[in-house]
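J.: Okay, so here is model38.cif, and as you'll see once you scroll down, it has mmCIF, C-alpha atoms.
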data_upload
#
loop_
_atom_site.label_atom_id
_atom_site.label_comp_id
_atom_site.auth_asym_id
_atom_site.auth_seq_id
_atom_site.Cartn_x
_atom_site.Cartn_y
_atom_site.Cartn_z
CA MET H 1384 -84.88 206.23 282.83
CA THR H 1385 -81.98 203.80 282.69
CA PRO H 1386 -82.82 200.80 280.52
CA PRO H 1387 -82.97 197.86 282.95
CA HIS H 1388 -80.42 195.77 281.09
CA SER H 1389 -78.12 198.64 280.10
CA PRO H 1390 -76.06 199.59 283.18
CA ARG H 1391 -75.29 203.26 283.57
CA ARG H 1392 -71.65 203.90 282.94
CA GLY H 1393 -69.54 206.47 281.22
CA PRO H 1394 -68.99 206.27 277.46
CA ARG H 1395 -65.82 204.68 276.24
CA ARG H 1396 -63.20 207.18 275.22
CA GLY H 1397 -61.22 206.73 272.10
CA ARG H 1398 -62.03 204.44 269.23
CA GLY H 1399 -63.56 201.07 270.10
CA ARG H 1400 -63.05 197.73 268.40
CA ALA H 1401 -62.98 198.17 264.62
CA THR H 1402 -66.18 197.27 262.84
CA ALA H 1403 -66.24 197.05 259.06
CA GLY H 1404 -67.52 200.33 257.63
CA VAL H 1405 -68.43 201.80 261.05
CA ALA H 1406 -66.58 204.57 262.85
CA ALA H 1407 -66.82 203.18 266.39
CA GLU H 1408 -66.91 206.48 268.31
CA PRO H 1409 -69.71 206.82 270.89
CA VAL H 1410 -72.50 209.12 269.78
CA ARG H 1411 -75.24 210.89 271.71
CA LEU H 1412 -78.68 209.96 270.42
CA ARG H 1413 -82.33 210.73 271.10
CA ILE H 1414 -84.57 207.76 270.33
CA GLU H 1415 -87.48 208.74 268.07
CA ALA H 1416 -89.42 205.51 267.52
CA LEU H 1417 -89.46 201.74 267.82
CA GLY H 1418 -88.32 200.15 264.58
CA ALA H 1419 -89.69 197.10 262.79
CA GLN H 1420 -87.35 194.75 264.69
CA GLY H 1421 -87.99 196.31 268.10
CA ASP H 1422 -84.90 198.49 268.29
CA GLY H 1423 -85.08 202.14 269.20
CA VAL H 1424 -84.46 204.27 266.12
CA ALA H 1425 -82.50 207.53 266.18
CA ARG H 1426 -81.20 209.80 263.41
CA ARG H 1427 -78.06 211.86 263.57
CA ASP H 1428 -76.09 213.57 260.80
CA GLY H 1429 -78.00 211.74 258.10
CA THR H 1430 -77.42 208.29 259.65
CA GLU H 1431 -80.10 206.06 261.13
CA TYR H 1432 -79.12 204.19 264.30
CA TYR H 1433 -80.81 201.08 265.73
CA VAL H 1434 -80.33 200.77 269.48
CA ALA H 1435 -81.63 197.68 271.29
CA GLY H 1436 -83.31 198.10 274.67
CA THR H 1437 -84.39 201.71 274.20
CA LEU H 1438 -87.74 203.49 273.93
CA PRO H 1439 -88.93 206.65 272.19
CA GLY H 1440 -87.81 209.67 274.21
CA ASP H 1441 -84.69 208.00 275.62
CA GLU H 1442 -81.45 210.00 275.58
CA VAL H 1443 -78.43 207.71 275.36
CA VAL H 1444 -74.79 207.54 274.48
CA ALA H 1445 -74.36 204.57 272.16
CA LEU H 1446 -71.43 202.81 270.55
CA PRO H 1447 -71.87 201.84 266.87
CA THR H 1448 -71.24 198.13 266.39
CA ALA H 1449 -72.15 197.07 262.84
CA ARG H 1450 -73.77 198.10 259.61
CA ARG H 1451 -77.39 197.03 259.36
CA GLY H 1452 -79.04 197.64 256.02
CA GLN H 1453 -78.79 201.36 255.29
CA GLY H 1454 -78.21 202.18 258.96
CA VAL H 1455 -75.98 201.32 261.91
CA ALA H 1456 -76.62 199.09 264.91
CA ALA H 1457 -75.42 200.49 268.23
CA ARG H 1458 -75.45 199.52 271.90
CA VAL H 1459 -76.06 201.73 274.91
CA VAL H 1460 -73.00 202.64 276.94
CA GLU H 1461 -74.68 205.39 278.98
CA ALA H 1462 -78.37 206.10 279.59
CA LEU H 1463 -78.95 209.82 280.14
CA GLY H 1464 -82.70 209.78 280.78
CA GLY H 1465 -86.01 209.06 279.15
CA ALA H 1466 -89.60 210.15 278.72
CA GLN H 1467 -91.15 206.93 280.00
CA ASP H 1468 -90.32 204.11 282.36
CA HIS H 1469 -88.85 200.85 281.13
CA ARG H 1470 -90.58 197.70 282.31
CA PRO H 1471 -88.36 195.25 284.18
CA PRO H 1472 -87.49 192.36 281.83
CA ALA H 1473 -89.40 189.13 282.42
CA CYS H 1474 -86.43 186.98 281.34
CA ALA H 1475 -82.95 186.71 282.80
CA HIS H 1476 -81.52 186.14 279.32
CA VAL H 1477 -82.61 189.48 277.88
CA GLY H 1478 -79.80 191.11 275.94
CA SER H 1479 -78.10 187.81 275.11
CA CYS H 1480 -80.87 185.61 273.69
CA GLY H 1481 -82.06 187.06 270.39
CA ALA H 1482 -85.70 186.10 270.73
CA CYS H 1483 -87.59 188.63 272.92
CA LEU H 1484 -86.36 192.16 272.28
CA VAL H 1485 -89.26 194.35 273.46
CA GLN H 1486 -89.80 193.21 277.04
CA HIS H 1487 -89.03 196.70 278.28
CA ALA H 1488 -91.90 198.53 276.53
CA PRO H 1489 -94.98 199.66 278.50
CA ASP H 1490 -98.21 197.95 277.46
CA ASP H 1491 -99.72 200.87 275.52
CA LEU H 1492 -96.54 201.45 273.52
CA TYR H 1493 -96.08 197.74 272.88
CA LEU H 1494 -99.63 197.28 271.60
CA ALA H 1495 -99.36 200.32 269.33
CA TRP H 1496 -95.99 199.15 267.99
CA LYS H 1497 -97.16 195.63 267.24
CA THR H 1498 -100.36 196.77 265.52
CA GLY H 1499 -98.30 199.31 263.62
CA LEU H 1500 -96.24 196.52 262.07
CA VAL H 1501 -99.34 195.36 260.19
CA ALA H 1502 -100.45 198.88 259.29
CA ALA H 1503 -97.00 199.71 257.91
CA ALA H 1504 -96.83 196.53 255.81
CA LEU H 1505 -100.27 197.25 254.35
CA ALA H 1506 -99.40 200.92 253.72
CA ARG H 1507 -96.43 199.84 251.61
CA ARG H 1508 -98.92 198.00 249.38
CA GLY H 1509 -101.28 200.97 249.07
CA PHE H 1510 -103.70 200.28 251.96
CA ARG H 1511 -103.73 203.70 253.59
CA ASP H 1512 -106.46 203.20 256.20
CA PRO H 1513 -106.76 199.44 256.75
CA PRO H 1514 -109.68 198.16 258.86
CA LEU H 1515 -107.59 196.96 261.81
CA ALA H 1516 -109.19 195.12 264.73
CA PRO H 1517 -107.57 195.37 268.19
CA LEU H 1518 -104.51 193.21 268.78
CA ARG H 1519 -105.30 189.79 270.27
CA THR H 1520 -102.69 188.48 272.71
CA VAL H 1521 -101.66 185.24 274.37
CA PRO H 1522 -100.27 184.93 277.92
CA PRO H 1523 -96.68 184.07 278.83
CA GLY H 1524 -96.11 180.42 279.63
CA SER H 1525 -98.37 179.24 276.81
CA ARG H 1526 -95.92 178.49 274.00
CA ARG H 1527 -96.16 174.74 273.39
CA ARG H 1528 -93.73 174.36 270.48
CA ALA H 1529 -90.12 175.48 270.26
CA ALA H 1530 -87.20 175.00 267.89
CA LEU H 1531 -84.09 174.90 270.10
CA ARG H 1532 -80.37 174.73 269.38
CA GLY H 1533 -77.88 172.48 271.14
CA ILE H 1534 -74.48 173.32 272.63
CA ARG H 1535 -72.06 171.64 275.05
CA VAL H 1536 -71.15 173.67 278.12
CA GLY H 1537 -68.85 172.28 280.79
CA GLY H 1538 -69.24 168.73 279.51
CA ARG H 1539 -73.06 168.84 279.55
CA VAL H 1540 -75.59 169.44 276.80
CA ARG H 1541 -77.57 172.66 276.97
CA LEU H 1542 -80.45 173.83 274.81
CA GLY H 1543 -81.17 177.41 273.89
CA PHE H 1544 -81.77 179.97 271.18
CA ASN H 1545 -79.51 181.91 268.84
CA ARG H 1546 -77.94 185.17 269.82
CA ARG H 1547 -79.34 187.96 267.69
CA HIS H 1548 -77.89 188.15 264.16
CA SER H 1549 -75.61 185.25 264.99
CA ASP H 1550 -75.24 181.48 264.81
CA GLN H 1551 -73.94 181.49 268.39
CA VAL H 1552 -76.16 179.52 270.77
CA VAL H 1553 -77.24 181.09 274.06
CA PRO H 1554 -78.03 178.31 276.57
CA ILE H 1555 -81.34 178.90 278.35
CA ASP H 1556 -82.18 177.75 281.86
CA THR H 1557 -85.84 178.73 281.72
CA CYS H 1558 -88.00 180.77 279.34
CA PRO H 1559 -91.07 182.69 280.57
CA LEU H 1560 -92.88 182.10 277.28
CA LEU H 1561 -92.63 178.28 277.27
CA THR H 1562 -94.99 175.82 278.93
CA PRO H 1563 -93.79 174.07 282.09
CA ALA H 1564 -93.12 170.85 280.16
CA LEU H 1565 -90.83 172.63 277.68
CA ASN H 1566 -89.00 174.37 280.52
CA ALA H 1567 -88.57 170.96 282.14
CA LEU H 1568 -86.94 169.77 278.90
CA LEU H 1569 -84.44 172.62 279.15
CA ALA H 1570 -83.51 171.39 282.62
CA ALA H 1571 -83.32 167.73 281.53
CA ALA H 1572 -81.16 168.43 278.47
CA GLY H 1573 -77.98 167.94 280.49
CA ASP H 1574 -78.66 164.19 280.33
CA LEU H 1575 -78.76 164.09 276.53
CA PRO H 1576 -76.00 161.76 275.30
CA VAL H 1577 -75.44 163.80 272.11
CA VAL H 1578 -75.51 167.47 271.15
CA PRO H 1579 -78.32 168.08 268.65
CA ARG H 1580 -77.88 170.68 265.98
CA ARG H 1581 -81.56 171.46 266.47
CA ALA H 1582 -84.30 170.11 268.72
CA VAL H 1583 -87.95 170.65 267.81
CA ALA H 1584 -90.18 169.99 270.82
CA SER H 1585 -93.98 170.09 271.00
CA ASP H 1586 -95.89 169.89 274.28
CA VAL H 1587 -99.08 167.96 273.53
CA GLU H 1588 -101.32 165.33 275.14
CA GLY H 1589 -99.35 162.23 276.04
CA GLY H 1590 -96.09 164.10 276.57
CA LEU H 1591 -93.46 165.80 274.45
CA ASP H 1592 -92.89 165.10 270.79
CA LEU H 1593 -89.16 165.64 270.30
CA VAL H 1594 -87.20 165.55 267.04
CA LEU H 1595 -83.41 165.86 267.18
CA ASP H 1596 -81.38 166.98 264.18
CA LEU H 1597 -78.07 165.10 264.45
CA ALA H 1598 -74.83 165.46 262.52
CA ASP H 1599 -74.41 161.68 262.17
CA ALA H 1600 -76.68 158.67 262.25
CA PRO H 1601 -76.85 157.22 265.79
CA ASP H 1602 -75.39 153.77 266.32
CA LEU H 1603 -77.10 151.13 268.44
CA GLY H 1604 -75.50 152.30 271.67
CA LEU H 1605 -76.54 155.90 271.14
CA ARG H 1606 -80.06 154.84 270.18
CA GLN H 1607 -80.38 152.97 273.47
CA LYS H 1608 -79.12 155.98 275.44
CA LEU H 1609 -81.55 158.29 273.66
CA ALA H 1610 -84.46 155.94 274.32
CA ALA H 1611 -83.52 155.90 278.01
CA PHE H 1612 -83.38 159.70 278.02
CA ALA H 1613 -86.90 159.83 276.56
CA GLY H 1614 -88.21 157.71 279.41
CA ARG H 1615 -86.62 159.97 282.03
CA ALA H 1616 -87.55 163.30 280.42
CA GLY H 1617 -91.27 162.85 279.81
CA VAL H 1618 -90.84 162.48 276.05
CA ALA H 1619 -93.78 160.63 274.50
CA ARG H 1620 -92.05 160.17 271.16
CA LEU H 1621 -88.42 160.70 270.23
CA SER H 1622 -87.21 160.83 266.63
CA TRP H 1623 -84.05 161.88 264.86
CA ARG H 1624 -83.24 163.21 261.43
CA GLN H 1625 -80.31 164.45 259.41
CA GLY H 1626 -80.60 167.51 257.23
CA GLY H 1627 -83.95 167.70 255.49
CA GLU H 1628 -84.71 163.98 255.72
CA ALA H 1629 -87.93 162.65 257.22
CA PRO H 1630 -87.68 161.90 260.96
CA GLU H 1631 -86.92 158.32 262.04
CA LEU H 1632 -88.49 156.99 265.21
CA LEU H 1633 -86.17 156.15 268.11
CA ALA H 1634 -88.61 155.61 270.98
CA GLN H 1635 -92.32 155.98 271.61
CA LEU H 1636 -94.03 155.70 274.97
CA ALA H 1637 -97.38 157.28 273.98
CA ASP H 1638 -99.12 158.94 271.04
CA PRO H 1639 -98.52 162.72 270.99
CA VAL H 1640 -102.09 163.96 270.47
CA VAL H 1641 -103.49 167.36 269.55
CA ARG H 1642 -107.21 167.97 269.98
CA ILE H 1643 -108.78 170.15 267.31
CA ALA H 1644 -112.43 170.99 267.98
CA GLY H 1645 -112.49 167.91 270.21
CA VAL H 1646 -111.07 165.63 267.51
CA PRO H 1647 -107.84 163.83 268.56
CA VAL H 1648 -105.10 164.05 265.93
CA VAL H 1649 -101.80 162.20 266.32
CA LEU H 1650 -99.18 164.81 265.51
CA PRO H 1651 -96.67 163.64 262.87
CA PRO H 1652 -93.06 163.68 264.18
CA GLY H 1653 -91.95 167.31 264.21
CA GLY H 1654 -95.22 168.29 262.52
CA PHE H 1655 -96.35 171.89 262.29
CA LEU H 1656 -98.39 173.09 265.23
CA GLN H 1657 -99.62 176.55 266.10
CA PRO H 1658 -97.26 177.91 268.79
CA SER H 1659 -99.94 178.05 271.49
CA ALA H 1660 -103.38 176.57 272.05
CA GLU H 1661 -104.60 180.05 273.04
CA GLY H 1662 -103.29 181.55 269.81
CA GLU H 1663 -104.80 178.73 267.78
CA ALA H 1664 -108.20 179.44 269.36
CA LEU H 1665 -107.91 183.15 268.48
CA LEU H 1666 -106.97 182.37 264.88
CA THR H 1667 -109.75 179.80 264.52
CA ALA H 1668 -112.36 182.22 265.87
CA ALA H 1669 -111.21 184.93 263.45
CA VAL H 1670 -111.27 182.48 260.52
CA ALA H 1671 -114.76 181.23 261.38
CA ARG H 1672 -116.04 184.79 261.70
CA GLY H 1673 -114.57 185.75 258.35
CA LEU H 1674 -116.02 182.76 256.51
CA GLY H 1675 -119.53 183.55 257.69
CA ALA H 1676 -122.21 181.23 256.29
CA ALA H 1677 -120.03 179.52 253.65
CA ARG H 1678 -121.02 175.88 253.16
CA THR H 1679 -118.19 174.60 250.96
CA ILE H 1680 -114.67 175.67 251.93
CA ALA H 1681 -111.22 175.09 250.42
CA ASP H 1682 -108.64 174.95 253.22
CA LEU H 1683 -105.31 175.71 251.53
CA PHE H 1684 -101.97 174.91 253.21
CA GLY H 1685 -104.23 173.21 255.77
CA GLY H 1686 -101.69 171.14 257.73
CA ILE H 1687 -103.23 168.62 260.13
CA GLY H 1688 -106.64 170.30 259.89
CA THR H 1689 -106.27 173.15 262.37
CA PHE H 1690 -109.03 175.07 260.61
CA GLY H 1691 -110.58 172.25 258.55
CA LEU H 1692 -111.64 170.17 261.54
CA ALA H 1693 -112.85 173.22 263.44
CA LEU H 1694 -115.09 174.20 260.50
CA ALA H 1695 -116.54 170.74 259.93
CA ASP H 1696 -119.64 171.40 262.06
CA ARG H 1697 -120.75 174.19 259.73
CA ALA H 1698 -119.44 173.33 256.25
CA ARG H 1699 -117.88 170.73 254.00
CA VAL H 1700 -114.15 171.34 253.93
CA GLN H 1701 -111.51 170.11 251.50
CA VAL H 1702 -107.98 170.46 252.87
CA PHE H 1703 -104.96 170.79 250.56
CA GLU H 1704 -101.50 170.28 252.07
CA VAL H 1705 -98.05 169.36 250.72
CA ASP H 1706 -96.91 167.39 253.81
CA VAL H 1707 -97.77 163.71 253.25
CA ALA H 1708 -97.59 162.86 256.95
CA ALA H 1709 -99.94 165.73 257.87
CA VAL H 1710 -102.48 164.64 255.26
CA ALA H 1711 -102.34 161.05 256.52
CA ALA H 1712 -102.82 162.20 260.13
CA LEU H 1713 -105.80 164.35 259.17
CA ARG H 1714 -107.46 161.62 257.12
CA HIS H 1715 -107.06 159.14 259.96
CA ALA H 1716 -108.42 161.57 262.56
CA ALA H 1717 -111.39 162.61 260.44
CA GLY H 1718 -112.25 158.99 259.69
CA ARG H 1719 -112.14 157.93 263.34
CA ALA H 1720 -114.30 160.92 264.30
CA GLY H 1721 -116.91 160.08 261.67
CA LEU H 1722 -116.10 163.23 259.67
CA GLY H 1723 -115.02 161.51 256.47
CA GLY H 1724 -118.01 162.97 254.64
CA ARG H 1725 -117.36 166.48 255.99
CA VAL H 1726 -113.57 166.84 255.82
CA GLY H 1727 -111.44 165.61 252.92
CA ALA H 1728 -107.67 165.94 252.49
CA ASP H 1729 -105.53 166.01 249.35
CA CYS H 1730 -101.73 166.06 249.15
CA ARG H 1731 -100.79 168.91 246.84
CA ASP H 1732 -97.91 171.37 246.54
CA LEU H 1733 -99.79 174.65 246.21
CA ASP H 1734 -96.63 176.64 245.51
CA GLN H 1735 -95.86 174.54 242.44
CA ARG H 1736 -99.44 173.62 241.53
CA PRO H 1737 -101.97 176.02 243.05
CA LEU H 1738 -105.67 175.32 242.82
CA THR H 1739 -106.77 176.96 239.60
CA ALA H 1740 -109.54 179.50 239.32
CA ARG H 1741 -111.68 176.83 237.67
CA GLU H 1742 -111.08 174.37 240.55
CA LEU H 1743 -111.92 177.06 243.09
CA GLU H 1744 -115.27 177.84 241.47
CA LYS H 1745 -116.89 174.88 243.23
CA PHE H 1746 -116.23 176.42 246.67
CA ASP H 1747 -118.12 179.24 248.39
CA ALA H 1748 -115.04 180.33 250.27
CA ALA H 1749 -111.37 179.61 250.88
CA VAL H 1750 -108.98 179.96 253.80
CA PHE H 1751 -105.22 179.87 253.30
CA ASP H 1752 -102.38 179.74 255.83
CA PRO H 1753 -99.09 179.55 253.89
CA PRO H 1754 -95.49 179.60 255.16
CA ARG H 1755 -93.70 182.93 255.66
CA ALA H 1756 -93.07 183.29 251.92
CA GLY H 1757 -96.81 183.70 251.39
CA ALA H 1758 -98.91 182.36 248.54
CA ALA H 1759 -98.32 184.57 245.49
CA ALA H 1760 -99.37 182.00 242.89
CA GLN H 1761 -102.37 180.77 244.86
CA ALA H 1762 -103.56 184.32 245.61
CA ALA H 1763 -103.55 185.09 241.89
CA GLU H 1764 -105.78 182.08 241.19
CA MET H 1765 -108.19 183.05 243.98
CA ALA H 1766 -108.39 186.58 242.61
CA ALA H 1767 -109.32 185.13 239.20
CA ALA H 1768 -112.03 182.81 240.59
CA GLY H 1769 -115.12 184.98 240.08
CA GLY H 1770 -117.44 182.60 241.89
CA LEU H 1771 -115.35 182.61 245.05
CA ALA H 1772 -117.19 185.04 247.33
CA THR H 1773 -115.04 184.99 250.48
CA VAL H 1774 -111.36 184.45 251.24
CA VAL H 1775 -109.73 184.44 254.67
CA ALA H 1776 -105.96 184.81 254.75
CA VAL H 1777 -103.87 183.70 257.75
CA SER H 1778 -100.22 184.71 257.79
CA CYS H 1779 -97.17 184.79 260.05
CA ASN H 1780 -95.56 187.50 257.92
CA PRO H 1781 -97.26 190.91 257.56
CA ALA H 1782 -95.15 191.74 254.49
CA THR H 1783 -96.22 188.75 252.39
CA PHE H 1784 -99.76 189.04 253.78
CA ALA H 1785 -99.90 192.60 252.42
CA ARG H 1786 -98.54 191.47 249.04
CA ASP H 1787 -101.18 188.72 248.73
CA ALA H 1788 -103.87 191.13 249.97
CA ARG H 1789 -102.96 193.52 247.16
CA THR H 1790 -103.41 190.69 244.65
CA LEU H 1791 -106.85 189.79 246.02
CA VAL H 1792 -108.07 193.39 246.15
CA ASP H 1793 -106.81 194.11 242.64
CA GLY H 1794 -108.79 191.02 241.56
CA GLY H 1795 -112.07 192.40 242.88
CA PHE H 1796 -112.10 191.57 246.60
CA ARG H 1797 -112.59 194.10 249.39
CA LEU H 1798 -110.50 193.90 252.54
CA ARG H 1799 -113.18 193.84 255.25
CA GLN H 1800 -111.10 193.34 258.41
CA VAL H 1801 -107.58 192.60 259.57
CA THR H 1802 -107.03 190.97 262.96
CA PRO H 1803 -103.48 190.90 264.36
CA VAL H 1804 -102.76 188.02 266.75
CA ASP H 1805 -99.65 188.22 268.94
CA GLN H 1806 -98.54 184.60 269.27
CA PHE H 1807 -94.91 185.69 269.73
CA PRO H 1808 -94.86 188.12 272.68
CA TRP H 1809 -92.00 190.63 272.97
CA SER H 1810 -90.78 189.92 269.43
CA ALA H 1811 -91.32 191.41 265.97
CA HIS H 1812 -93.15 188.28 264.79
CA LEU H 1813 -96.90 188.52 264.37
CA GLU H 1814 -99.83 186.52 263.00
CA VAL H 1815 -102.48 188.20 260.86
CA VAL H 1816 -105.98 187.17 259.79
CA GLY H 1817 -107.54 189.07 256.88
CA GLU H 1818 -111.14 188.85 255.65
CA PHE H 1819 -111.79 189.47 251.94
CA VAL H 1820 -115.25 189.59 250.34
CA ARG H 1821 -116.83 190.49 247.03
#
If you took the structure in this file and wrote it as structure tokens, what would it be?
T.:
Amino acid sequence: MTPPHSPRRGPRRGRGRATAGVAAEPVRLRIEALGAQGDGVARRDGTEYYVAGTLPGDEVVALPTARRGQGVAARVVEALGGAQDHRPPACAHVGSCGACLVQHAPDDLYLAWKTGLVAAALARRGFRDPPLAPLRTVPPGSRRRAALRGIRVGGRVRLGFNRRHSDQVVPIDTCPLLTPALNALLAAAGDLPVVPRRAVASDVEGGLDLVLDLADAPDLGLRQKLAAFAGRAGVARLSWRQGGEAPELLAQLADPVVRIAGVPVVLPPGGFLQPSAEGEALLTAAVARGLGAARTIADLFGGIGTFGLALADRARVQVFEVDVAAVAALRHAAGRAGLGGRVGADCRDLDQRPLTARELEKFDAAVFDPPRAGAAAQAAEMAAAGGLATVVAVSCNPATFARDARTLVDGGFRLRQVTPVDQFPWSAHLEVVGEFVR
């Protein structure tokens, strides 16, 4: 079957544009599998080829374009046939935007591929038959937070995402994964008076929370124009920042509020938020199930209390988080909700100063949700805390999840269940929840 975004045409004759280290002659390939990044994988003459937009069983003629790791990236120039139908892409920007690469896979293949990402990561760490639960999914149109890039096109500002393996910005008119309010921001971006390097937008109660990364500090005139834009575009709070500095408020029309287990939390400017409310609910349910009857819980890398507040009706929770603004928001929300005696929050850099095994002994259980780099140091301390009976790990990176899982299991825990949660449809990104007991 012809891939829907790869028009059938004859292969180019002669050598194509030179690519460093790649002989750019078209090659005939049979796709054997979907790779870790969503490309079709083929092998020919000892070389592995990665071909976007293909499925196992496809026969294609492909033009090598670049070295990628130990293999070669290639693009289809002629589709000769396939063993299964390609789904029509849900997005008009497929093939240019680098975000959603596996829109063309049938449901059964997609689910098996995504679950296989977790199984493969665990296998590399010695888990040969991991206890995998079925993949949990979220619907299109539910993503409430997006990090966008800015570009000027025809004298107007456009927002979009990066082209794959590139810093080039692909302007996006509409994205089938985003909420209606975020798609409305894409349409309104033409009125922005400045091109942001990056725009982080969160769709929450009250309106959008929008943080613009700017090359230079805005003068008074630009500040006034940006404030006016916020009023027109449904932005509840608009801030700006430069580099890694803390955001500075430009305009606020309402409090951007997130409700966690019914508790209203004012989101810090640009603060971390689970990509979708549906995905957050799936993660929270898996965490609660894994913690069982624990009555004292350490919530590590706890953010604004995504899990801590949700667990407050069943346990006393102490949240540890490096972000000062997130800790302040959580403390304020817990206090107003009358949960000050159930949920505490400490500001602590767990990468540099993890909770020690001795400190962890006073808890029945722990949940940790670190950044993509994982929590190597903290996992080692949890493994050494003999009185800690249960640990639940939440991760957005199966590779570092598997590394930390190995540490916990080597320290005496048993991996009871792994639940994959697909908060990033059609991409290679995946959330994982692991339950560890001893």
J.: Report as JSON, numbers by chain all protein, DNA and RNA residues lying within 6 Å of Ser1659 (chain H), evaluated on all atoms listed in the file, omitting residues in the same chain fewer than 5 positions from it.
T.: {"H": [1525, 1526, 1527]}
J.: Quick check, in Å to one decimal: how far apart do CA of Leu1722 (chain H) and CA of Ser1778 (chain H) lie?
T.: 26.8 Å
J.: Taking the point (-89.7, 154.4, 271.5) as given in the file, collect each protein or nucleic acid residue that comes within 12 Å of it, counting only C-alpha atoms, and present the set as an mmCIF file with C-alpha atoms, keeping the file's coordinate frame.
T.:
data_model
loop_
_atom_site.group_PDB
_atom_site.id
_atom_site.type_symbol
_atom_site.label_atom_id
_atom_site.label_comp_id
_atom_site.auth_asym_id
_atom_site.auth_seq_id
_atom_site.Cartn_x
_atom_site.Cartn_y
_atom_site.Cartn_z
ATOM 1 C CA ASP H 1592 -92.890 165.100 270.790
ATOM 2 C CA LEU H 1593 -89.160 165.640 270.300
ATOM 3 C CA ARG H 1606 -80.060 154.840 270.180
ATOM 4 C CA GLN H 1607 -80.380 152.970 273.470
ATOM 5 C CA LYS H 1608 -79.120 155.980 275.440
ATOM 6 C CA LEU H 1609 -81.550 158.290 273.660
ATOM 7 C CA ALA H 1610 -84.460 155.940 274.320
ATOM 8 C CA ALA H 1611 -83.520 155.900 278.010
ATOM 9 C CA PHE H 1612 -83.380 159.700 278.020
ATOM 10 C CA ALA H 1613 -86.900 159.830 276.560
ATOM 11 C CA GLY H 1614 -88.210 157.710 279.410
ATOM 12 C CA GLY H 1617 -91.270 162.850 279.810
ATOM 13 C CA VAL H 1618 -90.840 162.480 276.050
ATOM 14 C CA ALA H 1619 -93.780 160.630 274.500
ATOM 15 C CA ARG H 1620 -92.050 160.170 271.160
ATOM 16 C CA LEU H 1621 -88.420 160.700 270.230
ATOM 17 C CA SER H 1622 -87.210 160.830 266.630
ATOM 18 C CA TRP H 1623 -84.050 161.880 264.860
ATOM 19 C CA GLU H 1631 -86.920 158.320 262.040
ATOM 20 C CA LEU H 1632 -88.490 156.990 265.210
ATOM 21 C CA LEU H 1633 -86.170 156.150 268.110
ATOM 22 C CA ALA H 1634 -88.610 155.610 270.980
ATOM 23 C CA GLN H 1635 -92.320 155.980 271.610
ATOM 24 C CA LEU H 1636 -94.030 155.700 274.970
ATOM 25 C CA ALA H 1637 -97.380 157.280 273.980
ATOM 26 C CA ASP H 1638 -99.120 158.940 271.040
#
J.: Could you tell me how far CA of Pro1803 (chain H) lies from CA of Val1815 (chain H), in Å and to one decimal?
T.: 4.5 Å
J.: So which one's closest to Cys1474 (chain H), H:Cys1558, H:Leu1417, H:Ala1664, H:Val1455? Using only C-alpha atoms, please.
T.: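 Using only C-alpha atoms, Cys1474 (chain H) sits closest to H:Cys1558.
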J.: To one decimal in Å, tell me the separation between CA of Pro1658 (chain H) and CA of Ala1811 (chain H).
T.: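 Separation of CA of Pro1658 (chain H) and CA of Ala1811 (chain H): 15.0 Å.
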J.: Do you know which residues are at most 10 Å from Arg1546 (chain H) counting all atoms listed in the file, after dropping those on the same chain fewer than 5 positions away, and could you put them as a count of residues only?
T.: 9
J.: Can I get a file of region 1581-1594 of chain H from the given structure, C-alpha atoms kept, as a PDB file, in the first residue's frame?
T.:
ATOM      1  CA  ARG H1581       9.756  29.656  22.653  1.00  0.00           C
ATOM      2  CA  ALA H1582       6.185  29.888  23.918  1.00  0.00           C
ATOM      3  CA  VAL H1583       5.000  27.605  26.711  1.00  0.00           C
ATOM      4  CA  ALA H1584       1.202  27.585  26.889  1.00  0.00           C
ATOM      5  CA  SER H1585      -1.035  25.775  29.385  1.00  0.00           C
ATOM      6  CA  ASP H1586      -4.803  25.534  28.970  1.00  0.00           C
ATOM      7  CA  VAL H1587      -6.260  25.650  32.491  1.00  0.00           C
ATOM      8  CA  GLU H1588      -9.223  27.148  34.340  1.00  0.00           C
ATOM      9  CA  GLY H1589      -9.361  30.904  33.888  1.00  0.00           C
ATOM     10  CA  GLY H1590      -7.702  30.847  30.478  1.00  0.00           C
ATOM     11  CA  LEU H1591      -4.247  30.263  29.056  1.00  0.00           C
ATOM     12  CA  ASP H1592      -1.042  30.615  31.021  1.00  0.00           C
ATOM     13  CA  LEU H1593       1.506  31.798  28.451  1.00  0.00           C
ATOM     14  CA  VAL H1594       5.241  32.314  28.946  1.00  0.00           C
TER      15      VAL H1594
END
